[in-house]
file protein.cif (mmCIF, C-alpha atoms)
data_coords
#
loop_
_atom_site.label_atom_id
_atom_site.label_comp_id
_atom_site.auth_asym_id
_atom_site.auth_seq_id
_atom_site.Cartn_x
_atom_site.Cartn_y
_atom_site.Cartn_z
CA MET A 132 -27.27 20.51 9.86
CA VAL A 133 -27.15 17.07 8.25
CA GLU A 134 -30.48 16.10 6.67
CA ILE A 135 -31.28 12.53 5.59
CA LEU A 136 -33.38 12.71 2.42
CA LYS A 137 -33.31 8.96 1.80
CA SER A 138 -32.50 6.45 4.53
CA SER A 139 -31.33 2.83 4.41
CA ARG A 140 -32.38 -0.25 6.33
CA THR A 141 -32.46 0.05 10.09
CA VAL A 142 -29.68 -1.00 12.45
CA GLU A 143 -32.00 -3.63 13.92
CA GLN A 144 -32.66 -5.21 10.51
CA ASN A 145 -28.95 -5.36 9.72
CA ALA A 146 -28.13 -6.82 13.13
CA GLU A 147 -30.60 -9.66 12.59
CA ASN A 148 -28.92 -10.50 9.27
CA GLN A 149 -25.51 -10.44 10.96
CA ARG A 150 -26.66 -12.91 13.62
CA THR A 151 -27.86 -15.31 10.95
CA VAL A 152 -24.56 -15.07 9.07
CA ARG A 153 -22.52 -15.51 12.26
CA ASP A 154 -24.38 -18.64 13.33
CA THR A 155 -24.29 -20.20 9.86
CA VAL A 156 -20.55 -19.65 9.52
CA ALA A 157 -19.81 -21.00 13.00
CA GLY A 158 -21.64 -24.23 12.16
CA ILE A 159 -19.75 -24.71 8.88
CA LEU A 160 -16.36 -24.09 10.52
CA ASP A 161 -17.12 -26.57 13.31
CA GLU A 162 -18.06 -29.24 10.79
CA ILE A 163 -14.97 -28.72 8.64
CA GLU A 164 -12.65 -28.73 11.64
CA ALA A 165 -14.21 -31.98 12.85
CA ARG A 166 -14.57 -33.83 9.52
CA GLY A 167 -12.06 -32.21 7.16
CA GLU A 168 -12.38 -32.88 3.44
CA SER A 169 -15.67 -34.76 3.68
CA ALA A 170 -17.31 -31.68 5.22
CA VAL A 171 -15.69 -29.39 2.64
CA ARG A 172 -17.15 -31.54 -0.11
CA GLU A 173 -20.56 -31.59 1.52
CA PHE A 174 -20.74 -27.78 1.75
CA SER A 175 -19.28 -27.26 -1.73
CA GLU A 176 -21.97 -29.52 -3.14
CA ARG A 177 -24.71 -27.83 -1.11
CA TYR A 178 -23.81 -24.22 -1.90
CA ASP A 179 -22.07 -24.41 -5.29
CA GLY A 180 -23.21 -27.73 -6.74
CA TRP A 181 -19.53 -28.57 -7.03
CA ASN A 182 -17.80 -31.80 -5.95
CA PRO A 183 -14.92 -32.53 -8.34
CA LYS A 184 -12.43 -35.36 -7.97
CA ASN A 185 -9.77 -32.80 -7.04
CA PHE A 186 -10.34 -29.24 -5.86
CA ARG A 187 -6.74 -28.37 -6.71
CA LEU A 188 -6.26 -27.74 -10.42
CA SER A 189 -3.58 -29.70 -12.22
CA ASP A 190 -1.12 -28.19 -14.68
CA ALA A 191 -3.29 -29.59 -17.47
CA ASP A 192 -6.40 -27.97 -15.99
CA ILE A 193 -4.63 -24.62 -15.84
CA GLU A 194 -3.31 -24.95 -19.38
CA GLU A 195 -6.82 -25.71 -20.62
CA CYS A 196 -8.10 -22.49 -19.01
CA LEU A 197 -5.26 -20.47 -20.51
CA ASN A 198 -6.04 -21.83 -23.96
CA GLU A 199 -9.65 -20.64 -23.73
CA LEU A 200 -8.60 -16.99 -23.53
CA THR A 201 -7.99 -14.87 -26.58
CA PRO A 202 -4.58 -13.20 -26.95
CA ARG A 203 -6.27 -9.86 -26.18
CA GLN A 204 -7.77 -11.19 -22.95
CA THR A 205 -4.42 -12.58 -21.84
CA ALA A 206 -2.75 -9.26 -22.67
CA ASP A 207 -5.39 -7.36 -20.69
CA ILE A 208 -4.69 -9.50 -17.63
CA ALA A 209 -0.95 -9.01 -18.01
CA PHE A 210 -1.39 -5.23 -18.34
CA ALA A 211 -3.51 -4.98 -15.20
CA GLN A 212 -1.10 -7.14 -13.24
CA GLU A 213 1.83 -5.00 -14.27
CA GLN A 214 0.08 -1.90 -12.88
CA VAL A 215 -0.60 -3.68 -9.57
CA ARG A 216 2.95 -5.02 -9.45
CA ARG A 217 4.50 -1.62 -10.13
CA PHE A 218 2.57 0.09 -7.34
CA ALA A 219 3.22 -2.78 -4.90
CA GLU A 220 6.94 -2.61 -5.63
CA ALA A 221 6.89 1.13 -4.98
CA GLN A 222 5.09 0.54 -1.70
CA LYS A 223 7.60 -2.14 -0.69
CA SER A 224 10.46 0.27 -1.31
CA THR A 225 9.13 2.43 1.55
CA LEU A 226 9.64 -0.47 3.99
CA ARG A 227 13.25 -0.44 5.08
CA ASP A 228 15.22 -2.51 7.54
CA LEU A 229 16.59 -0.54 10.48
CA GLU A 230 19.60 -0.80 12.79
CA ILE A 231 20.76 1.85 15.25
CA GLU A 232 23.10 2.04 18.24
CA THR A 233 21.01 3.73 20.93
CA LEU A 234 23.75 3.61 23.59
CA PRO A 235 27.36 2.44 23.43
CA GLY A 236 27.18 -1.30 22.88
CA VAL A 237 23.40 -1.34 22.51
CA VAL A 238 22.33 -2.18 18.95
CA LEU A 239 18.63 -2.30 18.09
CA GLY A 240 17.01 -3.01 14.77
CA HIS A 241 14.16 -4.46 12.79
CA ARG A 242 13.85 -6.59 9.69
CA ASN A 243 10.92 -6.73 7.29
CA LEU A 244 10.22 -10.41 6.68
CA PRO A 245 7.52 -11.87 4.40
CA VAL A 246 5.11 -14.37 5.92
CA ASP A 247 5.69 -17.92 4.76
CA SER A 248 2.31 -18.73 3.21
CA VAL A 249 -0.83 -16.92 2.09
CA ALA A 250 -4.23 -17.87 0.72
CA CYS A 251 -5.74 -15.37 -1.71
CA TYR A 252 -9.51 -15.67 -2.08
CA VAL A 253 -11.10 -14.54 -5.34
CA PRO A 254 -14.91 -14.13 -5.27
CA GLY A 255 -16.80 -15.55 -8.21
CA GLY A 256 -20.30 -16.70 -7.38
CA LYS A 257 -22.24 -13.90 -9.11
CA PHE A 258 -19.42 -12.14 -10.98
CA PRO A 259 -15.97 -13.72 -11.42
CA LEU A 260 -13.75 -10.98 -9.99
CA VAL A 261 -10.67 -11.49 -12.13
CA ALA A 262 -9.03 -8.37 -10.70
CA SER A 263 -9.08 -9.82 -7.18
CA ALA A 264 -6.50 -12.35 -8.33
CA HIS A 265 -4.17 -9.50 -9.23
CA MET A 266 -4.71 -7.76 -5.92
CA GLY A 267 -3.94 -10.78 -3.78
CA VAL A 268 -1.56 -13.02 -5.68
CA VAL A 269 0.59 -10.40 -7.38
CA THR A 270 0.95 -8.29 -4.23
CA ALA A 271 1.87 -11.33 -2.10
CA LYS A 272 4.53 -12.35 -4.59
CA VAL A 273 5.99 -8.83 -4.64
CA ALA A 274 6.19 -9.04 -0.84
CA GLY A 275 8.27 -12.22 -1.19
CA VAL A 276 5.80 -14.80 0.12
CA ASN A 277 7.15 -18.26 -0.66
CA ARG A 278 3.84 -20.16 -0.92
CA VAL A 279 0.82 -18.39 -2.37
CA ILE A 280 -2.34 -20.39 -2.92
CA ALA A 281 -5.41 -19.03 -4.71
CA LEU A 282 -9.01 -20.15 -4.32
CA SER A 283 -12.16 -19.23 -6.22
CA PRO A 284 -15.59 -20.83 -6.55
CA PRO A 285 -16.70 -22.46 -9.78
CA PHE A 286 -18.64 -20.31 -12.20
CA GLU A 287 -21.48 -21.89 -14.17
CA GLY A 288 -20.33 -25.37 -13.14
CA ARG A 289 -16.60 -25.11 -13.82
CA PRO A 290 -13.46 -23.11 -13.00
CA ASN A 291 -13.64 -19.71 -14.64
CA PRO A 292 -10.87 -19.57 -17.29
CA ALA A 293 -10.11 -15.87 -16.86
CA VAL A 294 -9.86 -16.14 -13.06
CA VAL A 295 -7.63 -19.20 -13.28
CA ALA A 296 -5.43 -17.48 -15.86
CA ALA A 297 -5.08 -14.41 -13.65
CA MET A 298 -4.13 -16.57 -10.65
CA HIS A 299 -1.55 -18.47 -12.70
CA LEU A 300 -0.06 -15.46 -14.46
CA GLY A 301 0.09 -13.63 -11.14
CA GLY A 302 2.34 -16.35 -9.73
CA ALA A 303 0.06 -18.57 -7.62
CA ASP A 304 1.81 -21.75 -6.50
CA GLU A 305 -1.43 -23.71 -5.98
CA ILE A 306 -4.87 -23.03 -7.49
CA TYR A 307 -8.11 -24.43 -6.08
CA SER A 308 -11.61 -24.35 -7.54
CA LEU A 309 -13.39 -23.94 -4.22
CA GLY A 310 -15.43 -21.09 -2.81
CA GLY A 311 -17.29 -19.72 0.17
CA VAL A 312 -16.76 -20.43 3.84
CA GLN A 313 -15.50 -23.91 2.97
CA ALA A 314 -12.64 -22.42 0.95
CA ILE A 315 -11.60 -20.08 3.76
CA ALA A 316 -11.77 -22.95 6.27
CA ALA A 317 -9.78 -25.34 4.08
CA ALA A 318 -6.99 -22.78 3.67
CA ALA A 319 -6.93 -21.62 7.28
CA LEU A 320 -7.40 -24.93 9.08
CA GLY A 321 -5.89 -27.26 6.50
CA THR A 322 -7.48 -30.38 5.05
CA GLU A 323 -6.33 -33.60 3.45
CA PHE A 324 -5.84 -31.79 0.14
CA CYS A 325 -4.50 -28.42 1.32
CA ALA A 326 -1.84 -27.60 3.90
CA PRO A 327 -2.83 -24.65 6.14
CA VAL A 328 -1.52 -21.15 5.48
CA SER A 329 -0.44 -18.37 7.81
CA VAL A 330 -2.57 -15.58 6.34
CA VAL A 331 -5.87 -15.43 4.44
CA VAL A 332 -6.70 -12.38 2.31
CA GLY A 333 -9.27 -11.28 -0.20
CA PRO A 334 -12.77 -9.82 -0.48
CA GLY A 335 -15.99 -11.80 -0.39
CA ASN A 336 -19.62 -11.83 0.61
CA ALA A 337 -20.86 -11.52 4.17
CA PHE A 338 -20.26 -15.22 4.86
CA VAL A 339 -16.65 -15.13 3.64
CA ALA A 340 -15.98 -11.99 5.68
CA GLU A 341 -17.48 -13.60 8.79
CA ALA A 342 -15.40 -16.75 8.28
CA LYS A 343 -12.25 -14.64 8.24
CA ARG A 344 -13.39 -12.82 11.37
CA GLN A 345 -14.05 -16.05 13.27
CA LEU A 346 -10.74 -17.60 12.20
CA PHE A 347 -8.64 -14.52 12.99
CA GLY A 348 -6.04 -15.41 15.58
CA ARG A 349 -5.66 -18.93 14.30
CA VAL A 350 -4.52 -17.33 11.06
CA GLY A 351 -3.79 -13.77 10.12
CA ILE A 352 -6.19 -11.90 7.86
CA ASP A 353 -5.90 -8.73 5.83
CA LEU A 354 -9.14 -7.12 7.02
CA ILE A 355 -12.88 -7.68 7.08
CA ALA A 356 -13.86 -7.04 3.48
CA GLY A 357 -17.59 -7.59 3.16
CA PRO A 358 -20.15 -6.26 0.67
CA THR A 359 -18.83 -3.32 -1.29
CA GLU A 360 -19.66 0.25 -0.21
CA THR A 361 -19.62 3.45 -2.28
CA LEU A 362 -19.91 7.03 -1.11
CA LEU A 363 -20.10 10.07 -3.39
CA ILE A 364 -19.24 13.48 -1.98
CA ALA A 365 -20.59 16.05 -4.40
CA ASP A 366 -21.49 19.71 -4.77
CA ASP A 367 -23.47 21.47 -7.49
CA SER A 368 -20.66 20.91 -9.99
CA CYS A 369 -21.79 17.27 -10.19
CA ASP A 370 -24.89 16.42 -12.21
CA ALA A 371 -27.45 13.72 -11.49
CA GLU A 372 -26.38 11.56 -14.44
CA MET A 373 -22.83 11.17 -13.14
CA ALA A 374 -23.95 10.62 -9.56
CA ALA A 375 -26.49 7.96 -10.52
CA THR A 376 -24.05 6.22 -12.86
CA ASP A 377 -21.36 5.98 -10.21
CA LEU A 378 -23.73 4.83 -7.48
CA LEU A 379 -25.39 2.14 -9.60
CA GLY A 380 -22.01 1.06 -10.98
CA GLN A 381 -21.20 -0.24 -7.50
CA ALA A 382 -24.69 -1.17 -6.30
CA GLU A 383 -24.74 -3.89 -8.97
CA HIS A 384 -22.15 -5.87 -6.96
CA GLY A 385 -24.78 -7.44 -4.73
CA TYR A 386 -28.16 -7.07 -3.05
CA ASN A 387 -26.60 -5.52 0.05
CA SER A 388 -24.11 -3.03 -1.37
CA PRO A 389 -24.58 0.43 0.21
CA ALA A 390 -24.45 3.38 -2.19
CA VAL A 391 -24.65 6.84 -0.62
CA LEU A 392 -24.65 10.44 -1.83
CA ILE A 393 -23.53 13.24 0.48
CA THR A 394 -24.06 16.64 -1.10
CA THR A 395 -24.41 20.33 -0.44
CA SER A 396 -26.64 20.64 -3.50
CA ARG A 397 -30.34 20.20 -2.77
CA THR A 398 -30.95 20.34 -6.53
CA LEU A 399 -28.72 17.30 -7.04
CA ALA A 400 -30.23 15.50 -4.06
CA GLU A 401 -33.77 15.99 -5.33
CA ALA A 402 -32.93 15.07 -8.93
CA LEU A 403 -31.05 11.87 -8.10
CA PRO A 404 -33.97 9.44 -7.42
CA ALA A 405 -35.60 10.06 -10.79
CA GLU A 406 -32.28 9.73 -12.61
CA ILE A 407 -31.55 6.45 -10.82
CA GLU A 408 -34.95 5.13 -11.91
CA ARG A 409 -34.25 6.20 -15.49
CA GLN A 410 -30.90 4.43 -15.57
CA LEU A 411 -32.26 1.31 -13.91
CA GLU A 412 -34.63 0.90 -16.84
CA GLU A 413 -31.60 0.40 -19.10
CA LEU A 414 -29.07 -1.31 -16.78
CA PRO A 415 -28.62 -5.07 -17.44
CA THR A 416 -27.88 -5.63 -13.73
CA ALA A 417 -30.90 -3.58 -12.62
CA GLU A 418 -32.44 -6.32 -10.49
CA THR A 419 -29.46 -6.39 -8.15
CA ALA A 420 -28.69 -2.68 -8.28
CA ARG A 421 -32.31 -1.68 -7.60
CA ARG A 422 -32.50 -3.84 -4.49
CA SER A 423 -29.23 -2.45 -3.15
CA TRP A 424 -30.35 1.11 -3.77
CA THR A 425 -33.79 0.55 -2.27
CA ASP A 426 -32.55 -1.16 0.89
CA PHE A 427 -29.12 0.40 1.42
CA GLY A 428 -29.01 3.62 -0.61
CA GLN A 429 -28.95 6.99 1.15
CA ILE A 430 -29.08 10.66 0.20
CA ILE A 431 -27.63 13.04 2.79
CA HIS A 432 -27.80 16.82 2.48
CA CYS A 433 -25.17 18.96 4.25
CA ARG A 434 -24.68 22.70 4.69
CA ASP A 435 -21.03 22.94 3.62
CA ASP A 436 -17.84 21.04 2.82
CA ALA A 437 -16.81 20.74 6.47
CA GLU A 438 -20.12 19.09 7.34
CA MET A 439 -19.68 16.69 4.43
CA VAL A 440 -16.26 15.71 5.83
CA ASP A 441 -17.78 14.96 9.23
CA ALA A 442 -20.61 12.92 7.70
CA ALA A 443 -18.24 10.94 5.48
CA ASP A 444 -15.81 10.19 8.30
CA ALA A 445 -18.70 8.92 10.43
CA LEU A 446 -19.69 6.48 7.67
CA ALA A 447 -16.04 5.38 7.07
CA PHE A 448 -16.89 3.81 3.71
CA GLU A 449 -14.81 1.55 1.53
CA HIS A 450 -14.85 3.68 -1.65
CA VAL A 451 -15.19 7.46 -1.50
CA GLN A 452 -15.47 9.53 -4.68
CA ILE A 453 -14.94 13.29 -4.58
CA LEU A 454 -17.03 15.08 -7.23
CA THR A 455 -16.58 18.70 -6.19
CA ARG A 456 -14.96 21.90 -7.42
CA ASN A 457 -12.17 21.60 -4.86
CA PRO A 458 -11.51 17.86 -4.45
CA ASP A 459 -8.13 18.39 -2.78
CA TYR A 460 -9.91 19.88 0.24
CA PHE A 461 -11.30 16.42 0.95
CA LEU A 462 -7.99 14.71 0.23
CA GLN A 463 -6.45 16.88 2.95
CA ASN A 464 -9.28 16.64 5.48
CA LEU A 465 -10.90 13.20 5.26
CA SER A 466 -9.59 10.58 7.69
CA ASN A 467 -11.77 7.47 7.39
CA TYR A 468 -11.96 5.74 4.02
CA GLY A 469 -10.69 2.64 2.29
CA ALA A 470 -9.71 4.34 -0.97
CA LEU A 471 -10.27 7.87 -2.19
CA PHE A 472 -11.08 8.73 -5.82
CA VAL A 473 -10.23 12.37 -6.30
CA GLY A 474 -11.91 14.50 -8.97
CA GLN A 475 -14.64 13.98 -11.53
CA GLU A 476 -12.34 12.23 -14.00
CA THR A 477 -11.71 9.45 -11.48
CA ASN A 478 -14.10 6.66 -10.52
CA VAL A 479 -14.19 3.48 -8.46
CA ALA A 480 -14.15 1.20 -11.52
CA TYR A 481 -10.60 2.31 -12.31
CA GLY A 482 -9.41 1.21 -8.89
CA ASP A 483 -11.45 -1.98 -8.98
CA LYS A 484 -10.00 -3.21 -12.24
CA VAL A 485 -6.79 -1.81 -13.59
CA ILE A 486 -5.27 1.38 -12.20
CA GLY A 487 -2.83 -0.38 -9.84
CA THR A 488 -4.01 0.45 -6.34
CA ASN A 489 -5.42 -2.47 -4.40
CA HIS A 490 -9.17 -2.99 -4.40
CA THR A 491 -9.34 -5.21 -1.30
CA LEU A 492 -10.52 -2.54 1.13
CA PRO A 493 -12.12 -2.18 4.58
CA THR A 494 -15.91 -2.21 4.88
CA GLY A 495 -18.33 -2.04 7.79
CA ARG A 496 -16.63 1.08 9.22
CA ALA A 497 -13.32 -0.76 9.54
CA ALA A 498 -11.72 2.19 7.73
CA ARG A 499 -11.68 3.90 11.12
CA TYR A 500 -8.71 1.72 12.10
CA THR A 501 -7.20 0.10 9.00
CA GLY A 502 -6.40 0.77 5.40
CA GLY A 503 -6.74 -1.72 2.57
CA LEU A 504 -4.65 -4.64 1.42
CA TRP A 505 -1.13 -3.65 0.41
CA VAL A 506 2.29 -5.24 0.20
CA GLY A 507 2.92 -4.48 3.89
CA LYS A 508 0.09 -6.81 4.93
CA PHE A 509 2.25 -9.74 3.85
CA ILE A 510 5.32 -8.53 5.74
CA LYS A 511 6.19 -8.82 9.43
CA THR A 512 8.36 -6.13 10.99
CA CYS A 513 10.43 -8.07 13.54
CA THR A 514 12.78 -6.41 16.01
CA TYR A 515 16.18 -7.66 17.19
CA GLN A 516 18.78 -6.49 19.68
CA LYS A 517 22.47 -7.01 20.39
CA VAL A 518 23.15 -5.95 23.98
CA SER A 519 24.58 -7.14 27.31
CA PRO A 520 22.31 -5.19 29.67
CA ALA A 521 22.15 -5.38 33.45
CA ALA A 522 18.43 -4.90 33.83
CA THR A 523 18.51 -5.99 37.46
CA ALA A 524 16.74 -3.08 39.13
CA ARG A 525 13.90 -2.86 36.63
CA SER A 526 13.17 -6.59 36.77
CA ALA A 527 13.09 -6.54 40.59
CA LEU A 528 10.74 -3.57 40.56
CA GLU A 529 8.23 -5.53 38.49
CA GLY A 530 8.68 -8.78 40.43
CA PHE A 531 10.11 -10.69 37.47
CA TRP A 532 12.79 -12.62 39.34
CA GLY A 533 13.54 -14.90 36.41
CA HIS A 534 14.16 -11.79 34.30
CA LYS A 535 16.45 -10.47 37.07
CA ALA A 536 18.39 -13.74 37.10
CA GLN A 537 19.05 -13.42 33.36
CA ALA A 538 20.39 -9.91 33.84
CA ASP A 539 22.44 -10.82 36.96
CA LEU A 540 24.16 -13.63 35.07
CA ARG A 541 25.33 -11.16 32.41
CA VAL A 542 26.56 -8.74 35.05
CA ARG A 543 28.67 -11.46 36.67
CA ARG A 544 30.13 -12.56 33.38
CA TYR A 545 30.43 -9.37 31.36
CA GLY A 546 30.17 -6.46 33.78
CA ARG A 547 27.59 -3.72 34.05
CA SER A 548 26.16 -1.88 31.08
CA ASN A 549 24.52 1.44 30.41
CA LEU A 550 21.08 -0.17 30.94
CA ALA A 551 21.63 -1.17 34.61
#

call {"tool": "encode", "arguments": {"input": "protein.cif", "output": "structure tokens"}}
result
Amino acid sequence: MVEILKSSRTVEQNAENQRTVRDTVAGILDEIEARGESAVREFSERYDGWNPKNFRLSDADIEECLNELTPRQTADIAFAQEQVRRFAEAQKSTLRDLEIETLPGVVLGHRNLPVDSVACYVPGGKFPLVASAHMGVVTAKVAGVNRVIALSPPFEGRPNPAVVAAMHLGGADEIYSLGGVQAIAAAALGTEFCAPVSVVVGPGNAFVAEAKRQLFGRVGIDLIAGPTETLLIADDSCDAEMAATDLLGQAEHGYNSPAVLITTSRTLAEALPAEIERQLEELPTAETARRSWTDFGQIIHCRDDAEMVDAADALAFEHVQILTRNPDYFLQNLSNYGALFVGQETNVAYGDKVIGTNHTLPTGRAARYTGGLWVGKFIKTCTYQKVSPAATARSALEGFWGHKAQADLRVRRYGRSNLA
């Protein structure tokens, strides 16, 4: 039987926060839709203290950022982007156009077509997430998207050089120093300085995620990627030091980043709180990590591996690490997760930064129905047909007389077909 040894904030508390976020975002979107650039500037000034002459960076601005990086930093960005590009290209190779003749004279098919324009959001308020530029921009370019714009908030009063460099080296066609809900709105709705795009992707805080949710339908989105989530599935082969390190390594993202341990080891479960306290004393980001752990951390004790699978699938977390003797059991049996990190030599930081898989992943239990960002998110699978059917009877049955007229015309001109 599942036993909760440490619980997180209540559903009611979280719901109240969500209502506040929803209402705030709705107000910002209404203002930007009504007043365009002037509203964007107002909110950028209010939330980021940022109101430059131009939000879009010029070639000279980009070159200045590139020149601030050391050769090693530039090489590190290029290396990470090559890993992301290689995996995205391999994923794209699994998407193939199709054409078959289902009946004599009836040819059906589909083509995989890239969307025409994408906005890639790169968070940067607390920590400039350089790797998010790789995940969005590079993957969109591999998909064949013609116009890729990239947006990120200023960091310490100016565009972050490493983020700008990653956007540029990844292939972004337009780069904007603009963050938050106002950035998502500018890209999705269009403003005087930015033509609207067809799809908006990228992780962000709760407000960015809610902006994407409210704009979905007017533009496409990748998924709702809110505050990061980390789940460890461990048995007694995992020690408290590793468990605490991996939980705090993600809890430092923000004040509302859930970090959860599911384990069959009561010894590990009971040792973890003290080890977390010990590590927090030394962690430079302890203020943030401690609040996340206090409010959103959980320790869950299970009887066996099967019960851990059930508990993990119910949570449907973004990142799931498997720290057990038989990690492949969970690879074969888990169903709901954004990304799986299999075995004690693997950890979430690898996926976040450099390994090549995409780190824009579902949160808030969205892993029940979607995976993370990948090259296929930028591609539409569109069907076509080459037939001369006489669909007369079927159209009449449904009462679609205009449909029937289309079919009747073909019968009169070309004769009956196998679809009559």

call {"tool": "residues_around", "arguments": {"input": "protein.cif", "residues": "segment 491-502 of chain A", "least_positions_apart": "6", "cutoff": "12 Å", "atoms": "only C-alpha atoms", "output": "PDB file with C-alpha atoms, keeping the file's coordinate frame"}}
result
ATOM      1  CA  ASN A 145     -28.950  -5.360   9.720  1.00  0.00           C
ATOM      2  CA  GLN A 149     -25.510 -10.440  10.960  1.00  0.00           C
ATOM      3  CA  CYS A 251      -5.740 -15.370  -1.710  1.00  0.00           C
ATOM      4  CA  TYR A 252      -9.510 -15.670  -2.080  1.00  0.00           C
ATOM      5  CA  VAL A 253     -11.100 -14.540  -5.340  1.00  0.00           C
ATOM      6  CA  PRO A 254     -14.910 -14.130  -5.270  1.00  0.00           C
ATOM      7  CA  LEU A 260     -13.750 -10.980  -9.990  1.00  0.00           C
ATOM      8  CA  ALA A 262      -9.030  -8.370 -10.700  1.00  0.00           C
ATOM      9  CA  SER A 263      -9.080  -9.820  -7.180  1.00  0.00           C
ATOM     10  CA  ALA A 264      -6.500 -12.350  -8.330  1.00  0.00           C
ATOM     11  CA  HIS A 265      -4.170  -9.500  -9.230  1.00  0.00           C
ATOM     12  CA  MET A 266      -4.710  -7.760  -5.920  1.00  0.00           C
ATOM     13  CA  GLY A 267      -3.940 -10.780  -3.780  1.00  0.00           C
ATOM     14  CA  VAL A 268      -1.560 -13.020  -5.680  1.00  0.00           C
ATOM     15  CA  THR A 270       0.950  -8.290  -4.230  1.00  0.00           C
ATOM     16  CA  VAL A 332      -6.700 -12.380   2.310  1.00  0.00           C
ATOM     17  CA  GLY A 333      -9.270 -11.280  -0.200  1.00  0.00           C
ATOM     18  CA  PRO A 334     -12.770  -9.820  -0.480  1.00  0.00           C
ATOM     19  CA  GLY A 335     -15.990 -11.800  -0.390  1.00  0.00           C
ATOM     20  CA  ASN A 336     -19.620 -11.830   0.610  1.00  0.00           C
ATOM     21  CA  ALA A 337     -20.860 -11.520   4.170  1.00  0.00           C
ATOM     22  CA  ALA A 340     -15.980 -11.990   5.680  1.00  0.00           C
ATOM     23  CA  GLU A 341     -17.480 -13.600   8.790  1.00  0.00           C
ATOM     24  CA  ILE A 352      -6.190 -11.900   7.860  1.00  0.00           C
ATOM     25  CA  ASP A 353      -5.900  -8.730   5.830  1.00  0.00           C
ATOM     26  CA  LEU A 354      -9.140  -7.120   7.020  1.00  0.00           C
ATOM     27  CA  ILE A 355     -12.880  -7.680   7.080  1.00  0.00           C
ATOM     28  CA  ALA A 356     -13.860  -7.040   3.480  1.00  0.00           C
ATOM     29  CA  GLY A 357     -17.590  -7.590   3.160  1.00  0.00           C
ATOM     30  CA  PRO A 358     -20.150  -6.260   0.670  1.00  0.00           C
ATOM     31  CA  THR A 359     -18.830  -3.320  -1.290  1.00  0.00           C
ATOM     32  CA  GLU A 360     -19.660   0.250  -0.210  1.00  0.00           C
ATOM     33  CA  THR A 361     -19.620   3.450  -2.280  1.00  0.00           C
ATOM     34  CA  LEU A 362     -19.910   7.030  -1.110  1.00  0.00           C
ATOM     35  CA  ASN A 387     -26.600  -5.520   0.050  1.00  0.00           C
ATOM     36  CA  SER A 388     -24.110  -3.030  -1.370  1.00  0.00           C
ATOM     37  CA  PRO A 389     -24.580   0.430   0.210  1.00  0.00           C
ATOM     38  CA  ALA A 443     -18.240  10.940   5.480  1.00  0.00           C
ATOM     39  CA  ASP A 444     -15.810  10.190   8.300  1.00  0.00           C
ATOM     40  CA  ALA A 445     -18.700   8.920  10.430  1.00  0.00           C
ATOM     41  CA  LEU A 446     -19.690   6.480   7.670  1.00  0.00           C
ATOM     42  CA  ALA A 447     -16.040   5.380   7.070  1.00  0.00           C
ATOM     43  CA  PHE A 448     -16.890   3.810   3.710  1.00  0.00           C
ATOM     44  CA  GLU A 449     -14.810   1.550   1.530  1.00  0.00           C
ATOM     45  CA  HIS A 450     -14.850   3.680  -1.650  1.00  0.00           C
ATOM     46  CA  VAL A 451     -15.190   7.460  -1.500  1.00  0.00           C
ATOM     47  CA  LEU A 465     -10.900  13.200   5.260  1.00  0.00           C
ATOM     48  CA  SER A 466      -9.590  10.580   7.690  1.00  0.00           C
ATOM     49  CA  ASN A 467     -11.770   7.470   7.390  1.00  0.00           C
ATOM     50  CA  TYR A 468     -11.960   5.740   4.020  1.00  0.00           C
ATOM     51  CA  GLY A 469     -10.690   2.640   2.290  1.00  0.00           C
ATOM     52  CA  ALA A 470      -9.710   4.340  -0.970  1.00  0.00           C
ATOM     53  CA  LEU A 471     -10.270   7.870  -2.190  1.00  0.00           C
ATOM     54  CA  VAL A 479     -14.190   3.480  -8.460  1.00  0.00           C
ATOM     55  CA  GLY A 482      -9.410   1.210  -8.890  1.00  0.00           C
ATOM     56  CA  ASP A 483     -11.450  -1.980  -8.980  1.00  0.00           C
ATOM     57  CA  LYS A 484     -10.000  -3.210 -12.240  1.00  0.00           C
ATOM     58  CA  LYS A 508       0.090  -6.810   4.930  1.00  0.00           C
TER      59      LYS A 508
END

call {"tool": "atom_distance", "arguments": {"input": "protein.cif", "atom1": "atom CA of Thr455 of chain A", "atom2": "atom CA of Glu372 of chain A"}}
result
14.7 Å

call {"tool": "atom_distance", "arguments": {"input": "protein.cif", "atom1": "atom CA of Gly385 of chain A", "atom2": "atom CA of Pro290 of chain A"}}
result
21.0 Å

call {"tool": "closest_residue", "arguments": {"input": "protein.cif", "among": "A:Arg344, A:His534, A:His490, A:Arg349", "to": "Val330 of chain A", "atoms": "only C-alpha atoms"}}
result
A:Arg349

call {"tool": "atom_distance", "arguments": {"input": "protein.cif", "atom1": "atom CA of Leu226 of chain A", "atom2": "atom CA of Gly503 of chain A"}}
result
16.5 Å

call {"tool": "residues_around", "arguments": {"input": "protein.cif", "residues": "Asp304 of chain A", "least_positions_apart": "5", "cutoff": "8 Å", "atoms": "only C-alpha atoms", "output": "list in words"}}
result
Arg278, Val279, Ile280, Ala281 and His299 of chain A

call {"tool": "resolve_selection", "arguments": {"input": "protein.cif", "expression": "the PyMOL selection byres ((chain A and resi 346) around 10)", "output": "list of chain:residue names"}}
result
A:Ala157, A:Leu160, A:Ile315, A:Ala316, A:Ala319, A:Leu320, A:Val331, A:Glu341, A:Ala342, A:Lys343, A:Arg344, A:Gln345, A:Phe347, A:Gly348, A:Arg349, A:Val350, A:Gly351, A:Ile352

call {"tool": "closest_atom_pairs", "arguments": {"input": "protein.cif", "of": "segment 315-379 of chain A", "to": "segment 169-186 of chain A", "cutoff": "10 Å", "atoms": "only C-alpha atoms", "output": "tab-separated table"}}
result
residue	atom	partner	partner_atom	distance
A:Ala316	CA	A:Val171	CA	8.4
A:Ala317	CA	A:Val171	CA	7.3
A:Thr322	CA	A:Val171	CA	8.6
A:Glu323	CA	A:Ser169	CA	9.4
A:Phe324	CA	A:Phe186	CA	7.9
A:Cys325	CA	A:Phe186	CA	9.3
